[in-house]
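Just entry.txt here, compact mmCIF, C-alpha atoms:
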# COMPACT_ATOMS: atom_id res chain seq x y z
CA MET M 1137 2.50 31.14 14.10
CA SER M 1138 2.87 33.75 11.40
CA GLY M 1139 2.47 33.90 7.63
CA ALA M 1140 -0.46 33.88 5.24
CA VAL M 1141 -3.64 32.64 6.92
CA GLU M 1142 -6.95 31.49 5.43
CA VAL M 1143 -9.97 30.54 7.53
CA PHE M 1144 -12.87 28.37 6.32
CA LEU M 1145 -16.27 27.79 7.92
CA ASP M 1146 -18.71 25.19 6.59
CA GLU M 1147 -22.10 25.06 8.27
CA THR M 1148 -23.83 22.07 6.69
CA PRO M 1149 -26.91 20.58 8.40
CA GLY M 1150 -25.82 17.95 10.91
CA GLU M 1151 -22.23 19.11 11.22
CA THR M 1152 -20.24 22.34 11.37
CA ARG M 1153 -16.60 22.31 10.34
CA GLY M 1154 -13.84 24.87 10.43
CA ALA M 1155 -10.34 24.76 8.97
CA ILE M 1156 -7.31 27.02 9.14
CA LEU M 1157 -4.66 27.13 6.43
CA ARG M 1158 -1.32 28.73 7.27
CA ASP M 1159 1.28 29.18 4.56
CA GLY M 1160 -0.54 26.64 2.40
CA ARG M 1161 -0.80 23.94 5.08
CA PHE M 1162 -3.79 23.01 7.21
CA THR M 1163 -3.16 23.45 10.93
CA HIS M 1164 -6.66 23.02 12.38
CA LEU M 1165 -9.77 21.02 11.55
CA LEU M 1166 -12.64 21.72 13.92
CA ILE M 1167 -15.76 19.55 13.89
CA GLN M 1168 -18.99 19.85 15.87
CA ARG M 1169 -21.86 17.47 15.15
CA ASP M 1170 -25.48 17.87 16.13
CA SER M 1171 -25.19 14.43 17.72
CA ASP M 1172 -22.39 15.48 20.09
CA VAL M 1173 -23.15 15.49 23.81
CA ALA M 1174 -23.07 19.22 24.55
CA GLN M 1175 -21.84 18.72 28.13
CA THR M 1176 -18.66 16.91 27.02
CA ARG M 1177 -17.40 19.38 24.42
CA LEU M 1178 -14.18 21.17 25.30
CA GLY M 1179 -14.95 24.31 27.29
CA ALA M 1180 -18.55 23.42 28.19
CA ARG M 1181 -19.51 24.50 31.72
CA SER M 1182 -21.98 22.45 33.77
CA VAL M 1183 -23.32 21.71 37.21
CA GLY M 1184 -22.27 18.17 38.05
CA ARG M 1185 -23.03 15.72 40.85
CA VAL M 1186 -20.28 13.54 42.34
CA VAL M 1187 -21.37 9.93 41.88
CA GLU M 1188 -18.15 8.22 43.01
CA VAL M 1189 -14.99 9.23 44.83
CA ASN M 1190 -11.99 7.05 43.99
CA PRO M 1191 -8.96 7.81 46.20
CA GLY M 1192 -6.88 5.24 44.30
CA LEU M 1193 -7.28 7.23 41.10
CA ARG M 1194 -7.04 10.51 43.02
CA GLY M 1195 -10.22 11.64 41.39
CA ALA M 1196 -13.99 11.49 41.32
CA PHE M 1197 -16.60 10.66 38.71
CA VAL M 1198 -19.14 13.40 38.06
CA ASP M 1199 -22.59 13.14 36.46
CA LEU M 1200 -23.03 16.08 34.06
CA GLY M 1201 -26.66 15.35 33.24
CA ASP M 1202 -26.02 13.71 29.86
CA GLY M 1203 -23.50 11.18 28.66
CA PRO M 1204 -21.24 9.00 30.83
CA PRO M 1205 -19.74 10.45 34.04
CA ALA M 1206 -16.74 12.73 33.63
CA PHE M 1207 -13.51 12.33 35.59
CA LEU M 1208 -12.46 15.06 38.01
CA PRO M 1209 -8.84 14.80 39.23
CA PHE M 1210 -8.26 16.21 42.68
CA ASN M 1211 -5.35 17.11 44.89
CA ARG M 1212 -4.47 15.17 48.01
CA ASN M 1213 -5.95 17.86 50.24
CA ASP M 1214 -9.27 18.08 48.37
CA ARG M 1215 -12.33 16.73 50.14
CA LEU M 1216 -15.19 15.53 47.98
CA THR M 1217 -18.27 13.55 48.99
CA GLN M 1218 -20.71 11.48 47.00
CA GLY M 1219 -23.73 13.55 45.99
CA GLN M 1220 -21.84 16.85 46.21
CA ARG M 1221 -22.75 19.45 43.55
CA LEU M 1222 -19.95 21.22 41.72
CA GLU M 1223 -19.58 23.67 38.87
CA VAL M 1224 -17.09 22.22 36.39
CA VAL M 1225 -15.68 22.91 32.93
CA VAL M 1226 -14.52 20.30 30.40
CA SER M 1227 -10.73 20.33 30.01
CA ALA M 1228 -10.51 17.19 27.84
CA GLU M 1229 -13.13 15.57 25.62
CA PRO M 1230 -13.92 11.83 25.70
CA ARG M 1231 -11.63 9.42 23.84
CA ALA M 1232 -11.60 5.64 23.40
CA SER M 1233 -13.03 4.16 26.60
CA LYS M 1234 -12.28 7.27 28.65
CA GLY M 1235 -14.92 9.84 29.53
CA ALA M 1236 -14.45 13.58 29.53
CA VAL M 1237 -12.12 15.18 32.06
CA VAL M 1238 -13.36 18.22 33.95
CA ARG M 1239 -11.86 20.93 36.13
CA ARG M 1240 -13.57 22.18 39.27
CA LEU M 1241 -14.67 25.83 39.21
CA GLY M 1242 -16.54 26.00 42.50
CA PRO M 1243 -19.71 24.86 44.27
CA GLY M 1244 -22.82 24.10 42.24
CA GLU M 1245 -26.52 24.02 42.91
CA GLY M 1246 -29.44 22.04 41.56
CA THR M 1247 -29.63 19.13 39.18
CA PRO M 1248 -26.76 18.24 36.82
CA ARG M 1249 -27.17 20.37 33.70
CA LEU M 1250 -25.38 22.42 31.10
CA LEU M 1251 -24.77 26.01 32.18
CA GLN M 1252 -22.80 27.35 29.23
CA PRO M 1253 -22.14 25.53 25.96
CA ALA M 1254 -18.67 25.13 24.52
CA PRO M 1255 -17.50 27.74 22.02
CA THR M 1256 -18.97 27.25 18.58
CA VAL M 1257 -16.73 26.46 15.61
CA ALA M 1258 -17.09 30.07 14.43
CA GLU M 1259 -16.03 31.35 17.87
CA GLN M 1260 -13.05 29.00 17.94
CA LEU M 1261 -11.93 30.19 14.51
CA ARG M 1262 -12.13 33.81 15.65
CA ALA M 1263 -10.01 32.98 18.69
CA LEU M 1264 -7.39 31.17 16.59
CA ALA M 1265 -7.28 33.75 13.79
CA PRO M 1266 -8.85 36.94 15.15
CA ASP M 1267 -7.98 39.16 12.20
CA GLU M 1268 -9.29 36.86 9.45
CA GLU M 1269 -12.75 36.63 7.92
CA SER M 1270 -14.07 33.12 7.40
CA VAL M 1271 -14.55 31.90 3.83
CA THR M 1272 -17.85 30.05 3.41
CA GLY M 1273 -19.74 28.28 0.62
CA VAL M 1274 -18.18 25.94 -1.94
CA ALA M 1275 -14.61 26.95 -1.09
CA ALA M 1276 -15.17 26.09 2.57
CA ILE M 1277 -16.68 22.69 1.73
CA ASP M 1278 -13.68 21.88 -0.46
CA ALA M 1279 -11.21 23.07 2.20
CA VAL M 1280 -12.64 21.04 5.09
CA THR M 1281 -12.79 17.96 2.87
CA GLU M 1282 -9.15 18.41 1.88
CA ALA M 1283 -8.14 18.95 5.51
CA GLU M 1284 -9.86 15.71 6.50
CA GLU M 1285 -8.09 13.76 3.75
CA GLU M 1286 -4.70 15.05 4.84
CA ALA M 1287 -5.38 14.44 8.52
CA LEU M 1288 -6.36 10.79 7.98
CA ALA M 1289 -3.42 9.92 5.73
CA ARG M 1290 -0.80 7.72 7.43
CA THR M 1291 2.18 8.89 5.39
CA HIS M 1292 3.04 12.36 4.16
CA ARG M 1293 5.61 13.32 1.57
CA PHE M 1294 7.26 16.71 1.19
CA PRO M 1295 9.36 16.47 -1.99
CA ALA M 1296 10.75 19.99 -1.70
CA HIS M 1297 12.49 18.95 1.52
CA GLY M 1298 13.19 15.32 0.59
CA LEU M 1299 10.97 14.21 3.49
CA ASP M 1300 8.81 11.14 3.98
CA LEU M 1301 6.90 11.35 7.26
CA ALA M 1302 4.94 8.48 8.84
CA LEU M 1303 2.66 8.90 11.88
CA GLU M 1304 0.97 6.12 13.80
CA ARG M 1305 -1.03 6.18 17.02
CA THR M 1306 -1.01 3.06 19.18
CA ARG M 1307 -2.60 2.41 22.57
CA ALA M 1308 0.63 3.39 24.30
CA LEU M 1309 2.08 6.23 22.25
CA ILE M 1310 2.34 8.15 18.99
CA ALA M 1311 5.20 6.97 16.77
CA ILE M 1312 6.67 9.34 14.19
CA ASP M 1313 9.31 8.35 11.67
CA ILE M 1314 11.19 11.07 9.79
CA ASP M 1315 12.79 9.67 6.64
CA HIS M 1316 15.04 11.82 4.49
CA ALA M 1317 16.58 11.64 1.04
CA PRO M 1318 19.81 13.70 0.93
CA THR M 1319 19.53 17.00 -0.95
CA PRO M 1320 22.19 17.68 -3.62
CA GLY M 1321 24.51 20.52 -2.76
CA ARG M 1322 24.03 20.22 0.99
CA GLY M 1323 26.42 18.50 3.37
CA PRO M 1324 25.20 15.41 5.28
CA LYS M 1325 25.14 17.15 8.65
CA GLN M 1326 23.34 20.21 7.28
CA GLY M 1327 20.91 17.97 5.42
CA ARG M 1328 20.10 15.98 8.55
CA ALA M 1329 19.57 19.13 10.61
CA ALA M 1330 17.29 20.69 7.99
CA ALA M 1331 15.31 17.45 7.58
CA ASN M 1332 14.78 17.12 11.33
CA ARG M 1333 13.66 20.75 11.66
CA GLU M 1334 11.14 20.44 8.85
CA GLY M 1335 10.08 16.96 9.93
CA LEU M 1336 9.40 18.14 13.47
CA ASN M 1337 7.48 21.19 12.20
CA GLN M 1338 5.27 19.01 10.01
CA ALA M 1339 4.83 16.40 12.75
CA ALA M 1340 3.68 19.09 15.20
CA ARG M 1341 1.22 20.42 12.63
CA LEU M 1342 -0.20 16.99 11.81
CA ILE M 1343 -0.51 15.94 15.45
CA GLY M 1344 -2.53 19.09 16.04
CA LEU M 1345 -4.63 18.44 12.95
CA ARG M 1346 -5.41 14.93 14.20
CA ARG M 1347 -6.07 16.21 17.73
CA TRP M 1348 -3.67 13.78 19.36
CA GLY M 1349 -1.97 13.88 22.74
CA GLY M 1350 -0.01 11.64 25.09
CA LEU M 1351 3.49 10.22 24.75
CA VAL M 1352 5.18 10.94 21.41
CA VAL M 1353 8.32 9.16 20.19
CA VAL M 1354 10.06 10.64 17.15
CA ASP M 1355 12.64 8.67 15.17
CA LEU M 1356 14.87 11.47 13.94
CA VAL M 1357 17.22 11.42 10.98
CA GLY M 1358 20.67 10.32 12.15
CA ASP M 1359 21.78 9.38 15.64
CA GLY M 1360 21.93 11.39 18.83
CA GLN M 1361 25.21 13.17 18.14
CA ASP M 1362 23.35 16.41 17.44
CA ALA M 1363 21.08 15.99 20.46
CA ALA M 1364 21.23 19.61 21.60
CA ALA M 1365 20.27 20.97 18.18
CA GLN M 1366 17.57 18.32 17.76
CA ALA M 1367 16.04 19.13 21.14
CA LYS M 1368 16.06 22.84 20.29
CA ALA M 1369 14.30 22.13 16.99
CA ALA M 1370 11.65 20.07 18.80
CA ARG M 1371 10.94 22.85 21.29
CA ALA M 1372 10.58 25.34 18.45
CA ALA M 1373 8.22 23.04 16.52
CA PHE M 1374 5.93 22.56 19.53
CA ALA M 1375 6.29 26.09 20.90
CA HIS M 1376 2.54 26.64 20.39
CA GLU M 1377 1.84 24.02 23.09
CA PRO M 1378 2.75 25.47 26.52
CA GLN M 1379 2.03 22.16 28.31
CA ALA M 1380 4.41 20.09 26.17
CA VAL M 1381 7.02 18.21 28.24
CA PHE M 1382 10.27 17.23 26.51
CA GLY M 1383 12.59 14.35 27.22
CA GLY M 1384 16.11 13.98 25.93
CA VAL M 1385 17.33 12.61 22.61
CA SER M 1386 18.71 9.09 22.95
CA ARG M 1387 21.94 7.89 21.33
CA PHE M 1388 19.74 6.13 18.78
CA GLY M 1389 18.21 9.44 17.67
CA LEU M 1390 14.86 8.95 19.44
CA LEU M 1391 13.15 11.98 20.92
CA GLU M 1392 10.39 11.68 23.52
CA LEU M 1393 7.84 14.29 24.48
CA SER M 1394 4.42 14.41 26.07
CA LEU M 1395 1.44 16.45 24.90
CA PRO M 1396 -1.86 17.07 26.70
CA TRP M 1397 -5.06 15.47 25.50
CA ARG M 1398 -7.81 18.02 24.88
CA ARG M 1399 -10.07 16.85 22.06
CA THR M 1400 -11.49 13.57 20.87
CA PRO M 1401 -9.01 12.21 18.29
CA LEU M 1402 -10.15 12.85 14.75
CA GLU M 1403 -10.21 9.18 13.78
CA GLU M 1404 -12.55 8.42 16.69
CA VAL M 1405 -14.95 11.09 15.41
CA LEU M 1406 -14.86 10.01 11.77
CA LEU M 1407 -14.09 6.28 11.65
CA ASP M 1408 -15.75 3.10 12.86
CA ALA M 1409 -14.13 0.21 14.74
CA ASP M 1410 -12.82 -1.28 11.48
CA GLY M 1411 -11.02 1.91 10.52
CA GLY M 1412 -13.40 2.97 7.74
CA PRO M 1413 -15.73 5.98 7.66
CA SER M 1414 -18.69 5.42 9.97
CA VAL M 1415 -22.28 5.50 8.66
CA GLN M 1416 -22.70 8.96 10.15
CA THR M 1417 -19.50 10.22 8.55
CA ARG M 1418 -20.50 8.85 5.14
CA ALA M 1419 -23.97 10.33 5.44
CA LEU M 1420 -22.72 13.76 6.49
CA ALA M 1421 -20.24 13.74 3.61
CA LEU M 1422 -23.17 13.12 1.24
CA VAL M 1423 -25.07 16.05 2.75
CA ARG M 1424 -22.03 18.27 2.16
CA ARG M 1425 -21.80 17.08 -1.44
CA LEU M 1426 -25.50 17.73 -1.92
CA ARG M 1427 -25.19 21.23 -0.49
CA ARG M 1428 -22.10 21.91 -2.61
CA HIS M 1429 -23.98 20.89 -5.76
CA MET M 1430 -26.90 23.12 -4.83
CA LEU M 1431 -24.58 26.09 -4.29
CA SER M 1432 -22.79 25.44 -7.59
CA ASP M 1433 -25.94 24.84 -9.64
CA THR M 1434 -28.73 27.23 -8.78
CA GLN M 1435 -30.81 26.39 -11.88
CA ALA M 1436 -31.59 22.68 -11.46
CA PRO M 1437 -35.10 22.38 -10.00
CA ARG M 1438 -34.25 19.40 -7.82
CA ILE M 1439 -31.00 17.76 -6.76
CA VAL M 1440 -31.12 14.31 -5.19
CA VAL M 1441 -28.57 12.09 -3.49
CA ARG M 1442 -29.00 8.39 -4.23
CA CYS M 1443 -27.35 6.20 -1.60
CA ALA M 1444 -27.53 3.04 0.50
CA PRO M 1445 -30.60 2.82 2.76
CA GLU M 1446 -28.59 3.03 6.01
CA GLU M 1447 -27.02 6.28 4.81
CA ALA M 1448 -30.32 7.62 3.47
CA ALA M 1449 -31.89 7.27 6.93
CA VAL M 1450 -29.35 9.80 8.24
CA VAL M 1451 -29.31 12.02 5.15
CA ALA M 1452 -33.09 12.43 4.73
CA PRO M 1453 -33.87 14.75 7.71
CA LEU M 1454 -30.74 16.78 7.00
CA ALA M 1455 -31.60 17.15 3.31
CA ASP M 1456 -35.00 18.51 4.37
CA ARG M 1457 -33.16 21.36 6.09
CA LEU M 1458 -31.52 22.31 2.78
CA GLY M 1459 -34.89 23.21 1.29
CA PRO M 1460 -37.30 21.84 -1.31
CA ARG M 1461 -34.65 21.49 -4.03
CA ALA M 1462 -32.84 18.81 -2.02
CA GLY M 1463 -33.87 15.18 -1.84
CA VAL M 1464 -32.66 11.67 -1.06
CA ARG M 1465 -33.45 8.31 -2.66
CA PRO M 1466 -32.59 5.12 -0.79
CA ASP M 1467 -31.31 2.47 -3.18
CA ALA M 1468 -30.31 -0.99 -1.97
CA VAL M 1469 -28.28 -1.48 -5.17
CA VAL M 1470 -25.92 1.37 -4.24
CA ALA M 1471 -23.06 0.13 -2.08
CA ALA M 1472 -22.25 1.88 1.20
CA GLY M 1473 -19.96 4.83 0.54
CA ARG M 1474 -20.90 4.95 -3.16
CA GLY M 1475 -23.73 7.46 -3.00
CA HIS M 1476 -23.98 9.95 -5.86
CA ILE M 1477 -25.76 13.15 -6.83
CA GLU M 1478 -28.46 13.31 -9.51
CA GLU M 1479 -30.41 16.20 -11.03
CA THR M 1480 -34.11 15.69 -11.69
Output the file's structure as structure tokens, nothing else.
Amino acid sequence: MSGAVEVFLDETPGETRGAILRDGRFTHLLIQRDSDVAQTRLGARSVGRVVEVNPGLRGAFVDLGDGPPAFLPFNRNDRLTQGQRLEVVVSAEPRASKGAVVRRLGPGEGTPRLLQPAPTVAEQLRALAPDEESVTGVAAIDAVTEAEEEALARTHRFPAHGLDLALERTRALIAIDIDHAPTPGRGPKQGRAAANREGLNQAARLIGLRRWGGLVVVDLVGDGQDAAAQAKAARAAFAHEPQAVFGGVSRFGLLELSLPWRRTPLEEVLLDADGGPSVQTRALALVRRLRRHMLSDTQAPRIVVRCAPEEAAVVAPLADRLGPRAGVRPDAVVAAGRGHIEET
């Protein structure tokens, strides 16, 4: 990708976030929480012990020393035995009911344990945008919050292109609908082609922002009469993903492709089973707001977050790390998700 790039790094107690903005659009939102299992982060290297070999799945389950066993796919000619020690690296983080997926590096020795942690958020940002300095402070807090809001939205409108884009992830696949309002002064065929190009570009960006993978079905504008051009536009939109596999465009204008899973989907990190922000997510958001207020107002002697007791239990030890000016007050009258900042 080219164009103007901005990089943001927010290191708030309990959670580190990074975001990348390219040409005014967020392309990456990176999140690492203190509560994450270090062995199952993408890129973490560990010694693991084979606890089960499953020929039917053509893989083995490996104890990494913390968290549920990871899955190790193997080739038909591989020979693994229960109890065998291996050095492995995480190639895909856990998602839904699935554990992490690991890749075998070689033989291992000793008890299951972490050998090398995954790259930090700061290191990942440097790899993604090596020539850019990370913006920190208030601007970074605002940027990562905005990136989260965009990532979790189900519909996205791009008025300049007459586009209305809907994305939905089901158990089986990711469904994307590109809807288009004709642009005055442009012929129908040209309008459809331009809408599909921009729709595919935005869909690729948003899928990456949400950290999704698997089977993707895109309902393109128009039918499949322009299949060759539509397929070319899809390959260009997902050119950043070397492991993408493309199917054809059907006569109904449906495009299929497959993307690799690498990270835990964003909604599984941030939301609970009912689809709302989890207690941890709400609490960490309050800590970010508290820190933002402290950075913006350096004169107030004490800044306190008043919130529901269940959130306060998470916020309190993190607020302590912000220093003596920060505090938390549990209040049963305050509804969950309605915490606010007070100066005292």
Shell around M:Gly1475 at 10 Å using all atoms listed in the file, local window under 2 positions removed, as number ranges by chain: M: 1418-1419, 1421-1422, 1425, 1441-1444, 1447-1448, 1465-1467, 1470-1473, 1477-1478
Kindly indicate which residue among M:Asp1408, M:Leu1356, M:Arg1424, M:His1476 lies nearest to M:Leu1391, using only C-alpha atoms for the distances.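 Among M:Asp1408, M:Leu1356, M:Arg1424, M:His1476, it is M:Leu1356 that comes nearest to M:Leu1391.
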With distances taken over all atoms listed in the file, which of M:Arg1387, M:Arg1341, M:Gln1218, M:Leu1426 is nearest to M:Arg1457?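 When distances to M:Arg1457 are compared using all atoms listed in the file, the smallest one comes from M:Leu1426.
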Please report as a tab-separated table every residue of stretch 1350-1417 of chain M lying within 8 Å of stretch 1226-1240 of chain M, along with the nearest atom pair and their distance in Å (one decimal), using only C-alpha atoms.
residue	atom	partner	partner_atom	distance
M:Trp1397	CA	M:Ala1228	CA	6.2
M:Arg1398	CA	M:Ala1228	CA	4.1
M:Arg1399	CA	M:Glu1229	CA	4.9
M:Thr1400	CA	M:Arg1231	CA	5.1
M:Pro1401	CA	M:Arg1231	CA	6.7
M:Glu1404	CA	M:Arg1231	CA	7.3
Write to file, as a PDB file, in the coordinates of the input, the residues of the selection just made, with C-alpha atoms.
ATOM      1  CA  TRP M1397      -5.060  15.470  25.500  1.00  0.00           C
ATOM      2  CA  ARG M1398      -7.810  18.020  24.880  1.00  0.00           C
ATOM      3  CA  ARG M1399     -10.070  16.850  22.060  1.00  0.00           C
ATOM      4  CA  THR M1400     -11.490  13.570  20.870  1.00  0.00           C
ATOM      5  CA  PRO M1401      -9.010  12.210  18.290  1.00  0.00           C
ATOM      6  CA  GLU M1404     -12.550   8.420  16.690  1.00  0.00           C
TER       7      GLU M1404
END
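Considering only C-alpha atoms, the residue among M:Val1353, M:Ala1275, M:Ala1369, M:Leu1200 positioned nearest to M:Gly1244 is M:Leu1200.
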Residues at most 12 Å from M:Arg1215, counting all atoms listed in the file, excluding those fewer than 3 positions away in the same chain, as a PDB file with C-alpha atoms, keeping the file's coordinate frame?
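See result-v2.pdb below for the written result:
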ATOM      1  CA  VAL M1186     -20.280  13.540  42.340  1.00  0.00           C
ATOM      2  CA  VAL M1189     -14.990   9.230  44.830  1.00  0.00           C
ATOM      3  CA  ASN M1190     -11.990   7.050  43.990  1.00  0.00           C
ATOM      4  CA  PRO M1191      -8.960   7.810  46.200  1.00  0.00           C
ATOM      5  CA  ARG M1194      -7.040  10.510  43.020  1.00  0.00           C
ATOM      6  CA  GLY M1195     -10.220  11.640  41.390  1.00  0.00           C
ATOM      7  CA  ALA M1196     -13.990  11.490  41.320  1.00  0.00           C
ATOM      8  CA  PRO M1209      -8.840  14.800  39.230  1.00  0.00           C
ATOM      9  CA  PHE M1210      -8.260  16.210  42.680  1.00  0.00           C
ATOM     10  CA  ASN M1211      -5.350  17.110  44.890  1.00  0.00           C
ATOM     11  CA  ARG M1212      -4.470  15.170  48.010  1.00  0.00           C
ATOM     12  CA  GLN M1218     -20.710  11.480  47.000  1.00  0.00           C
ATOM     13  CA  GLN M1220     -21.840  16.850  46.210  1.00  0.00           C
TER      14      GLN M1220
END
One decimal, in Å: what's the spacing between atom CA of M:Glu1304 and atom CA of M:Ser1414? 20.0 Å
List the spatial neighbours of M:Gly1411 as a PDB file with C-alpha atoms, keeping the file's coordinate frame - criterion: any atom at most 12 Å away, all atoms listed in the file, same-chain residues fewer than 5 positions off excluded.
ATOM      1  CA  LEU M1288      -6.360  10.790   7.980  1.00  0.00           C
ATOM      2  CA  LEU M1402     -10.150  12.850  14.750  1.00  0.00           C
ATOM      3  CA  GLU M1403     -10.210   9.180  13.780  1.00  0.00           C
ATOM      4  CA  GLU M1404     -12.550   8.420  16.690  1.00  0.00           C
ATOM      5  CA  VAL M1405     -14.950  11.090  15.410  1.00  0.00           C
ATOM      6  CA  LEU M1406     -14.860  10.010  11.770  1.00  0.00           C
TER       7      LEU M1406
END
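By all atoms listed in the file, and with residues fewer than 3 positions from M:Thr1306 along its chain excluded, the set lying at most 12 Å from it is M:Ala1232, M:Leu1303, M:Leu1309, M:Ile1310, M:Ala1311, M:Ile1312, M:Trp1348, M:Gly1349, M:Gly1350, M:Leu1351, M:Val1352, M:Val1353.
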So that I can see what lies close to stretch 1429-1435 of chain M, please list as a VMD selection string the residues with an atom at most 10 Å from it, counting all atoms listed in the file and leaving out residues fewer than 6 positions away in the same chain. chain M and resid 1273 to 1274 1423 1458 1461 to 1462 1477 to 1479
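Nearest to M:Val1440 of all the residues M:Thr1480, M:Gln1326, M:Thr1417, M:Asn1337 is M:Thr1480, counting only C-alpha atoms.
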Select, counting all atoms listed in the file, all protein, DNA and RNA residues no farther than 12 Å from (-8.6, 40.6, 8.4) in file coordinates, and express the selection as a ChimeraX atom specification. /M:1140-1143,1262,1265-1271
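Atom CA of M:Ala1373 lies 11.5 Å from atom CA of M:Gly1344.
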Please compute the atom CA of M:Val1354-atom CA of M:Ile1156 distance, one decimal, in Å. 25.2 Å
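With all atoms listed in the file as the basis for measurement, M:Leu1301 is the residue among M:Val1183, M:Ala1455, M:Ala1339, M:Leu1301 that approaches M:Ala1317 most closely.
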Anything within 6 Å of (-14.0, 8.4, 34.4): list those residues as a list in words, counting all atoms listed in the file and sticking to the file's coordinates.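 Within 6 Å of (-14.0, 8.4, 34.4), the protein and nucleic acid residues are Phe1197, Ala1206, Phe1207 and Gly1235 of chain M.
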